[in-house]
Amino acid sequence: MIKIARLFLKTVFAVFPLFFLFSCMSMADYDFSEIDEKIAAGAYFEAEEKIEKENAKIYSSHDNLLYALDRGLLFHYAKDEKKSNEFLSEAEHLIERYYARSISQTITSALTNDLAQDYSGEDSEDIYTNLFKALNYLSMKKNEDAFVEVRRMGNKIRLLEQKYEKTILSESEHGVNVEKVSSQFSDSALARYISLLLYRADGDDSNALIDKRAIEVLFASKKLYDFPIPSSISSELSVPKEMARLNTIAFCGRSPIKKEQTTRIYYERGGIFFKLALPEMEKIPSKINRVTIEAKNLKNGKKTSATAEKIESIEEIFLDTFKRKYSVSKAKSLARAITRAATSTTMDVLSAKSANEENYTASFLFSLMGLFTKAYTEGVERADTRICRYFPASALVSGINVEAGTYEVTVSFFSGNKIVSEVKKEIEAKAGDVNLVEAYCLK
């Protein structure tokens with residue numbers, strides 16, 4: 001019995017640091033209100049500086065990917081394309097590296113929670129990382145590099161099913177039975193749109209037409225595209241040779257965040273309820289309901305206007321692709337909880353048996369071990385609510401034919417009839433080129 005007591009004490013002292021660490025450490029506990037206010041005001045550099053300053057408070061040693069993603073996106077909005085791509089490339093590298101989780105991390109997460117693992121990213125984060133890298137390259141007039149990123153994005157989308165199957169197989173090898181769920185996401189209209197612009201500028205009308213038709217097919221399917229196709233799509237390949245095509249991509253709102261959802265599951269064998277903590281995606285409501293574009297020719301003062309129309313609901317794609325990761329998280333959390341409930345029940349049974357045999361020391365010890373298991377489960381079971389907070393919620397586009405020349409483009413973001421943000425950019429519109437203006441309002 002003394003040996004058992006010593007073993008129990010050794011176990012408690014070995015596990016307690018993990019209990020303390022993983023029950024307390026989570027970016028979900030950080031107050032992002034000051035950073036969010038800066039982002040809503042368009043002060044992206046200030047928001048990025050705050051994140052860098054508060055790095056140790058926001059991110060754990062397992063959150064290197066999120067640190068790179070957050071900074072990469074904020075540098076993109078702040079128009080520092082080079083730094084943005086440095087961080088986004090680092091994020092993409094970490095996603096690939098962390099996807100193959102080590103055995104030690106798998107064991108630790110089985111004892112604690114998924115926060116014990118290096119965050120490997122959501123599928124949507126992985127995919128849209130390439131899109132924003134492509135936009136950075138377009139802004140730097142590196143069209144070939146932009147093409148590479150768009151193609152990488154398309155390849156990742158096509159491999160999503162295979163990646164999910166591999167994850168299910170890996171978890172099954174660790175004794176976790178994952179319920180398979182389906183996804184509607186099979187292609188990105190926004191990625192196709194950027195590809196269309198690049199092919200058109202290259203004079204490759206055949207491939208540009210393929211992208212245009214792919215966009216039309218997505219909207220016809222109504223899967224994640226249950227809103228009208230942007231009217232400007234029909235004229236993207238009808239640009240007079242002497243004219244320039246001026247395109248705009250406006251990003252609105254912010255992508256969903258994760259919140260912890262706690263439920264109680266009844267364990268019939270032990271007659272007890274055990275805790276189950278799961279991540280749940282939650283949309284962030286956007287104030288923006290309309291976006292307008294005005295292009296003013298700086299030579300003759302002529303103005304041309306348009307209304308931007310939604311081409312992609314990024315938030316819906318986040319929600320859709322998350323369903324698969326949720327199924328994995330639920331299976332792993334359930335397996336952990338059942339194991340702990342079974343352990344607690346076993347300790348209670350052994351305690352009662354020892355008491356019947358009048359071995360009260362053993363009974364007390366087993367009872368203490370059972371109580372510790374219950375307390376440990378309550379404290380350590382936490383949902384993995386880590387996610388990049390700075391992807392936009394929606395993408396809107398417009399396209400207008402203009403005379404070649406220098407333009408001041410004004411993108412106005414409306415909430416009701418009130419302009420809540422206005423972005424001005426000067427651009428040299430050239431015939432046969434990608435003349436793209438980006439604007440953001442993450443409200």
# chains A, B, ... in the order shown; residues from 1 in each chain; ligands from 1
$ residues_around --residues "Tyr99 of chain A" --least-positions-apart "2" --cutoff "10 Å" --atoms "only C-alpha atoms" --output "PyMOL selection string"
chain A and resi 94-97+101-102+118-121+163+167
$ residues_around --residues "Glu52 of chain A" --least-positions-apart "4" --cutoff "9 Å" --atoms "only C-alpha atoms" --output "PyMOL selection string"
chain A and resi 47-48+56+67+71
$ residues_around --residues "Asn289 of chain A" --least-positions-apart "6" --cutoff "9 Å" --atoms "only C-alpha atoms" --output "list in words"
Phe413, Phe414, Ser415 and Gly416 of chain A
$ write_last_selection --atoms "C-alpha atoms" --output "short mmCIF file (atom, residue, chain, number, x, y, z; two decimals), in the first residue's frame"
data_model
loop_
_atom_site.label_atom_id
_atom_site.label_comp_id
_atom_site.auth_asym_id
_atom_site.auth_seq_id
_atom_site.Cartn_x
_atom_site.Cartn_y
_atom_site.Cartn_z
CA PHE A 413 -17.90 51.67 -46.85
CA PHE A 414 -21.46 52.31 -45.70
CA SER A 415 -23.41 51.35 -42.60
CA GLY A 416 -26.96 52.16 -43.60
#
$ closest_atom_pairs --of "segment 156-210 of chain A" --to "segment 425-436 of chain A" --cutoff "7 Å" --atoms "only C-alpha atoms" --output "tab-separated table"
residue	atom	partner	partner_atom	distance
A:Leu197	CA	A:Val434	CA	6.2
A:Leu198	CA	A:Val434	CA	6.6
A:Ala201	CA	A:Asp433	CA	4.9
$ residues_around --residues "segment 247-263 of chain A" --least-positions-apart "4" --cutoff "7 Å" --atoms "only C-alpha atoms" --output "VMD selection string"
chain A and resid 275 to 284 286 288 314 to 315 383 385 to 387 389 to 400 435 to 443
$ residues_around --residues "Tyr44 of chain A" --least-positions-apart "4" --cutoff "8 Å" --atoms "only C-alpha atoms" --output "list in words"
Lys38, Ile39, Glu48, Leu74, Phe75, Tyr77 and Ala78 of chain A
$ write_last_selection --atoms "N, CA and C atoms" --output "short mmCIF file (atom, residue, chain, number, x, y, z; two decimals), in the first residue's frame"
data_model
loop_
_atom_site.label_atom_id
_atom_site.label_comp_id
_atom_site.auth_asym_id
_atom_site.auth_seq_id
_atom_site.Cartn_x
_atom_site.Cartn_y
_atom_site.Cartn_z
N LYS A 38 -8.21 49.47 -32.51
CA LYS A 38 -7.22 50.00 -33.45
C LYS A 38 -7.50 49.49 -34.86
N ILE A 39 -7.85 48.21 -34.96
CA ILE A 39 -8.12 47.62 -36.27
C ILE A 39 -9.38 48.22 -36.88
N GLU A 48 -0.50 46.11 -34.96
CA GLU A 48 0.61 45.15 -35.08
C GLU A 48 1.66 45.39 -34.01
N LEU A 74 -1.86 41.81 -40.59
CA LEU A 74 -1.86 43.23 -40.22
C LEU A 74 -0.87 44.02 -41.05
N PHE A 75 0.28 43.43 -41.37
CA PHE A 75 1.23 44.10 -42.25
C PHE A 75 0.65 44.24 -43.66
N TYR A 77 -2.59 44.69 -44.40
CA TYR A 77 -3.53 45.81 -44.35
C TYR A 77 -2.80 47.15 -44.26
N ALA A 78 -1.63 47.12 -43.61
CA ALA A 78 -0.84 48.34 -43.46
C ALA A 78 0.00 48.64 -44.70
#
$ residues_around --residues "Leu224 of chain A" --least-positions-apart "6" --cutoff "10 Å" --atoms "only C-alpha atoms" --output "number ranges by chain"
A: 184-188, 218, 312-317, 320
$ write_last_selection --atoms "all heavy atoms" --output "short mmCIF file (atom, residue, chain, number, x, y, z; two decimals), in the first residue's frame"
data_model
loop_
_atom_site.label_atom_id
_atom_site.label_comp_id
_atom_site.auth_asym_id
_atom_site.auth_seq_id
_atom_site.Cartn_x
_atom_site.Cartn_y
_atom_site.Cartn_z
N GLN A 184 -18.94 21.48 -48.08
CA GLN A 184 -19.44 22.01 -49.35
C GLN A 184 -18.37 22.76 -50.12
O GLN A 184 -18.52 23.03 -51.30
CB GLN A 184 -20.62 22.95 -49.09
CG GLN A 184 -21.89 22.26 -48.59
CD GLN A 184 -23.04 23.24 -48.50
OE1 GLN A 184 -22.91 24.32 -47.93
NE2 GLN A 184 -24.17 22.88 -49.06
N PHE A 185 -17.29 23.09 -49.44
CA PHE A 185 -16.25 23.94 -50.06
C PHE A 185 -15.41 23.11 -51.02
O PHE A 185 -14.73 22.17 -50.63
CB PHE A 185 -15.38 24.55 -48.97
CG PHE A 185 -14.34 25.51 -49.48
CD1 PHE A 185 -14.71 26.57 -50.30
CD2 PHE A 185 -13.01 25.37 -49.14
CE1 PHE A 185 -13.76 27.48 -50.77
CE2 PHE A 185 -12.05 26.26 -49.60
CZ PHE A 185 -12.43 27.31 -50.41
N SER A 186 -15.44 23.49 -52.29
CA SER A 186 -14.68 22.76 -53.30
C SER A 186 -13.87 23.68 -54.22
O SER A 186 -13.03 23.22 -54.98
CB SER A 186 -15.63 21.92 -54.17
OG SER A 186 -16.57 22.76 -54.83
N ASP A 187 -14.14 24.99 -54.15
CA ASP A 187 -13.44 25.95 -55.00
C ASP A 187 -13.69 27.34 -54.43
O ASP A 187 -14.65 27.57 -53.70
CB ASP A 187 -13.94 25.86 -56.44
CG ASP A 187 -12.92 26.40 -57.44
OD1 ASP A 187 -11.89 26.95 -57.00
OD2 ASP A 187 -13.16 26.29 -58.66
N SER A 188 -12.82 28.28 -54.80
CA SER A 188 -12.95 29.66 -54.32
C SER A 188 -13.19 30.60 -55.49
O SER A 188 -12.35 30.71 -56.40
CB SER A 188 -11.68 30.07 -53.58
OG SER A 188 -11.62 31.48 -53.42
N LEU A 218 -19.90 27.95 -59.61
CA LEU A 218 -20.00 28.05 -58.15
C LEU A 218 -21.28 28.76 -57.73
O LEU A 218 -21.98 28.31 -56.81
CB LEU A 218 -18.78 28.79 -57.59
CG LEU A 218 -17.48 27.99 -57.48
CD1 LEU A 218 -16.33 28.92 -57.12
CD2 LEU A 218 -17.61 26.90 -56.44
N GLU A 312 -17.42 36.51 -52.36
CA GLU A 312 -17.08 35.39 -51.47
C GLU A 312 -17.44 35.72 -50.03
O GLU A 312 -17.11 36.80 -49.52
CB GLU A 312 -15.59 35.07 -51.57
CG GLU A 312 -15.19 33.76 -50.89
CD GLU A 312 -14.24 32.97 -51.75
OE1 GLU A 312 -14.67 32.53 -52.83
OE2 GLU A 312 -13.06 32.80 -51.36
N SER A 313 -18.12 34.76 -49.40
CA SER A 313 -18.38 34.85 -47.96
C SER A 313 -17.30 34.05 -47.26
O SER A 313 -17.44 32.84 -47.06
CB SER A 313 -19.77 34.32 -47.62
OG SER A 313 -19.97 34.35 -46.22
N ILE A 314 -16.24 34.70 -46.91
CA ILE A 314 -15.11 34.03 -46.27
C ILE A 314 -15.54 33.42 -44.94
O ILE A 314 -15.12 32.32 -44.57
CB ILE A 314 -13.94 35.01 -46.09
CG1 ILE A 314 -13.44 35.48 -47.47
CG2 ILE A 314 -12.79 34.38 -45.31
CD1 ILE A 314 -12.41 36.60 -47.42
N GLU A 315 -16.41 34.12 -44.22
CA GLU A 315 -16.86 33.61 -42.93
C GLU A 315 -17.63 32.29 -43.08
O GLU A 315 -17.48 31.38 -42.25
CB GLU A 315 -17.72 34.65 -42.20
CG GLU A 315 -19.00 35.05 -42.91
CD GLU A 315 -19.77 36.14 -42.18
OE1 GLU A 315 -19.30 36.58 -41.11
OE2 GLU A 315 -20.84 36.55 -42.68
N GLU A 316 -18.43 32.15 -44.14
CA GLU A 316 -19.16 30.90 -44.34
C GLU A 316 -18.22 29.76 -44.70
O GLU A 316 -18.43 28.61 -44.31
CB GLU A 316 -20.22 31.08 -45.44
CG GLU A 316 -21.40 31.95 -45.05
CD GLU A 316 -22.20 31.37 -43.88
OE1 GLU A 316 -22.17 30.14 -43.67
OE2 GLU A 316 -22.86 32.16 -43.18
N ILE A 317 -17.17 30.07 -45.43
CA ILE A 317 -16.17 29.05 -45.77
C ILE A 317 -15.41 28.63 -44.51
O ILE A 317 -15.11 27.44 -44.32
CB ILE A 317 -15.23 29.55 -46.88
CG1 ILE A 317 -16.01 29.66 -48.19
CG2 ILE A 317 -14.02 28.64 -47.04
CD1 ILE A 317 -15.27 30.33 -49.32
N ASP A 320 -17.81 26.32 -42.70
CA ASP A 320 -17.98 25.04 -43.39
C ASP A 320 -16.76 24.13 -43.21
O ASP A 320 -16.91 22.95 -42.89
CB ASP A 320 -18.23 25.30 -44.88
CG ASP A 320 -18.41 24.01 -45.66
OD1 ASP A 320 -19.50 23.42 -45.58
OD2 ASP A 320 -17.46 23.58 -46.34
#
